[in-house]
Amino acid sequence: MIEIKEITMNQLEDAHWLLILDADPAKEVVEKYLSRSRIFVAERQSQVVGILLLLPTRPEIVEIINLAVAEEFRGQGIATKLIHHVIELAKQENYQQIEVGTGSTGVEQLYLYQKCGFRMSHIEQDFFVSHYSEEIIENGLVLKDMVRLNQTL
């Protein structure tokens, strides 16, 4: 059984950080958005198995800014549960849209978000080249572009 709960920055432990940095390897970039984000953790029998950071970006828009599931728990629907949890929360809190940006080389992530009702809106060319000091390699390719997706709530 997966339990999803919201935690504060003060409650972040090493297990949380490992997942956060798995999704976004640049700690200096993470630190820029972490303090403004809401943190949702998926646990199985008190073990951290997933994390999602949600960032209000504009008055009626919220963005999934970081999502990761521990490697040994991938493919079990945990990311989908986290996404559906924050979609329902965003609806309850009267947000009008939820957005996400993900790497153009992340086929599994693109599939996941579309499966959860997101639609592609645009591509930010060279986003990862401009915002990260080191190359990110994903699926054997240098990650350059960010695909933006959104969903009207």
# chains A, B, ... in the order shown; residues from 1 in each chain; ligands from 1

$ select_by_dssp --residues "range 8-72 of chain A" --states "strand (DSSP E)" --output "PyMOL selection string"
chain A and resi 38-44+47-58+61-69

$ write_last_selection --atoms "C-alpha atoms" --output "JSON list (two decimals), in the first residue's frame"
[["chain", "number", "residue", "atom", "x", "y", "z"],
["A", 38, "ARG", "CA", 5.30, 21.80, -1.91],
["A", 39, "ILE", "CA", 6.84, 18.38, -1.27],
["A", 40, "PHE", "CA", 4.84, 15.16, -1.65],
["A", 41, "VAL", "CA", 6.34, 11.83, -0.65],
["A", 42, "ALA", "CA", 5.15, 8.34, -1.56],
["A", 43, "GLU", "CA", 5.94, 5.75, 1.11],
["A", 44, "ARG", "CA", 5.50, 2.01, 1.30],
["A", 47, "GLN", "CA", 10.09, 3.55, 3.18],
["A", 48, "VAL", "CA", 10.40, 6.52, 0.82],
["A", 49, "VAL", "CA", 9.71, 5.23, -2.70],
["A", 50, "GLY", "CA", 8.81, 8.40, -4.59],
["A", 51, "ILE", "CA", 8.76, 12.19, -4.43],
["A", 52, "LEU", "CA", 7.05, 15.01, -6.30],
["A", 53, "LEU", "CA", 7.66, 18.75, -5.96],
["A", 54, "LEU", "CA", 4.78, 21.04, -6.89],
["A", 55, "LEU", "CA", 5.40, 24.73, -7.53],
["A", 56, "PRO", "CA", 2.72, 27.42, -7.80],
["A", 57, "THR", "CA", 3.99, 29.48, -10.76],
["A", 58, "ARG", "CA", 1.14, 31.93, -11.35],
["A", 61, "ILE", "CA", -1.25, 27.64, -12.45],
["A", 62, "VAL", "CA", 0.79, 25.03, -10.64],
["A", 63, "GLU", "CA", 3.73, 23.04, -12.03],
["A", 64, "ILE", "CA", 5.16, 19.60, -11.31],
["A", 65, "ILE", "CA", 8.77, 20.63, -11.04],
["A", 66, "ASN", "CA", 10.42, 17.38, -9.90],
["A", 67, "LEU", "CA", 9.22, 13.77, -9.90],
["A", 68, "ALA", "CA", 11.22, 10.64, -9.08],
["A", 69, "VAL", "CA", 10.58, 7.06, -8.03]]

$ closest_residue --among "A:Lys81, A:His16, A:Lys144, A:Lys27" --to "Gly106 in chain A" --atoms "only C-alpha atoms"
A:Lys144

$ residues_around --residues "range 95-100 of chain A" --least-positions-apart "2" --cutoff "6 Å" --atoms "only C-alpha atoms" --output "count of residues only"
14

$ closest_residue --among "A:Asp145, A:Glu124, A:Glu72, A:Glu88" --to "Thr105 in chain A" --atoms "only C-alpha atoms"
A:Asp145

$ closest_residue --among "A:Ala26, A:Leu82, A:Val147, A:Ile87" --to "Gly103 in chain A" --atoms "only C-alpha atoms"
A:Val147

$ residues_around --residues "Val30 in chain A" --least-positions-apart "6" --cutoff "9 Å" --atoms "only C-alpha atoms" --output "ChimeraX atom specification"
/A:20-21,24,66

$ closest_residue --among "A:Ser104, A:Leu89, A:Val29, A:Leu112" --to "Val142 in chain A" --atoms "only C-alpha atoms"
A:Ser104

$ select_by_dssp --residues "range 70-102 of chain A" --states "alpha helix (DSSP H)" --output "ChimeraX atom specification"
/A:78-92

$ write_last_selection --atoms "N, CA and C atoms" --output "compact mmCIF listing (two decimals), in the first residue's frame"
# COMPACT_ATOMS: atom_id res chain seq x y z
N ILE A 78 3.60 4.12 -9.06
CA ILE A 78 3.81 5.10 -7.99
C ILE A 78 3.83 6.53 -8.55
N ALA A 79 4.52 6.74 -9.66
CA ALA A 79 4.54 8.08 -10.27
C ALA A 79 3.14 8.50 -10.67
N THR A 80 2.38 7.58 -11.24
CA THR A 80 1.00 7.88 -11.63
C THR A 80 0.17 8.27 -10.41
N LYS A 81 0.35 7.57 -9.30
CA LYS A 81 -0.39 7.91 -8.07
C LYS A 81 -0.01 9.30 -7.57
N LEU A 82 1.27 9.62 -7.60
CA LEU A 82 1.71 10.95 -7.18
C LEU A 82 1.11 12.03 -8.08
N ILE A 83 1.14 11.81 -9.38
CA ILE A 83 0.59 12.79 -10.32
C ILE A 83 -0.90 12.98 -10.10
N HIS A 84 -1.65 11.88 -9.99
CA HIS A 84 -3.10 12.00 -9.77
C HIS A 84 -3.40 12.67 -8.44
N HIS A 85 -2.58 12.42 -7.44
CA HIS A 85 -2.77 13.05 -6.13
C HIS A 85 -2.68 14.57 -6.25
N VAL A 86 -1.64 15.07 -6.93
CA VAL A 86 -1.48 16.53 -7.02
C VAL A 86 -2.47 17.15 -8.00
N ILE A 87 -2.91 16.40 -9.00
CA ILE A 87 -3.96 16.92 -9.89
C ILE A 87 -5.24 17.15 -9.08
N GLU A 88 -5.63 16.18 -8.27
CA GLU A 88 -6.84 16.33 -7.45
C GLU A 88 -6.68 17.47 -6.44
N LEU A 89 -5.51 17.57 -5.85
CA LEU A 89 -5.24 18.65 -4.90
C LEU A 89 -5.34 20.01 -5.60
N ALA A 90 -4.76 20.12 -6.78
CA ALA A 90 -4.80 21.38 -7.53
C ALA A 90 -6.24 21.76 -7.87
N LYS A 91 -7.05 20.78 -8.23
CA LYS A 91 -8.47 21.05 -8.50
C LYS A 91 -9.16 21.56 -7.24
N GLN A 92 -8.92 20.90 -6.10
CA GLN A 92 -9.54 21.31 -4.84
C GLN A 92 -9.13 22.72 -4.45

$ residues_around --residues "Met146 in chain A" --least-positions-apart "4" --cutoff "8 Å" --atoms "only C-alpha atoms" --output "mmCIF file with C-alpha atoms, in the first residue's frame"
data_model
loop_
_atom_site.group_PDB
_atom_site.id
_atom_site.type_symbol
_atom_site.label_atom_id
_atom_site.label_comp_id
_atom_site.auth_asym_id
_atom_site.auth_seq_id
_atom_site.Cartn_x
_atom_site.Cartn_y
_atom_site.Cartn_z
ATOM 1 C CA GLY A 101 8.433 20.265 -18.254
ATOM 2 C CA THR A 102 10.497 17.188 -19.047
ATOM 3 C CA GLY A 103 13.461 16.263 -21.171
ATOM 4 C CA SER A 104 12.862 15.651 -24.856
ATOM 5 C CA ILE A 123 9.387 22.967 -26.689
ATOM 6 C CA GLU A 124 11.988 25.117 -24.955
ATOM 7 C CA GLN A 125 15.001 24.606 -27.193
ATOM 8 C CA ASP A 126 18.405 24.327 -25.487
ATOM 9 C CA PHE A 127 16.845 24.626 -22.004
ATOM 10 C CA PHE A 128 19.160 22.046 -20.451
#

$ atom_distance --atom1 "CA of Leu34 in chain A" --atom2 "CA of Asp14 in chain A"
14.9 Å

$ closest_residue --among "A:His122, A:Val107, A:Cys116, A:Glu3" --to "Leu141 in chain A" --atoms "only C-alpha atoms"
A:Val107

$ closest_residue --among "A:His131, A:Ala70, A:Asn94, A:Arg36" --to "Ala23 in chain A" --atoms "only C-alpha atoms"
A:Ala70

$ atom_distance --atom1 "CA of Leu18 in chain A" --atom2 "CA of Lys115 in chain A"
25.9 Å
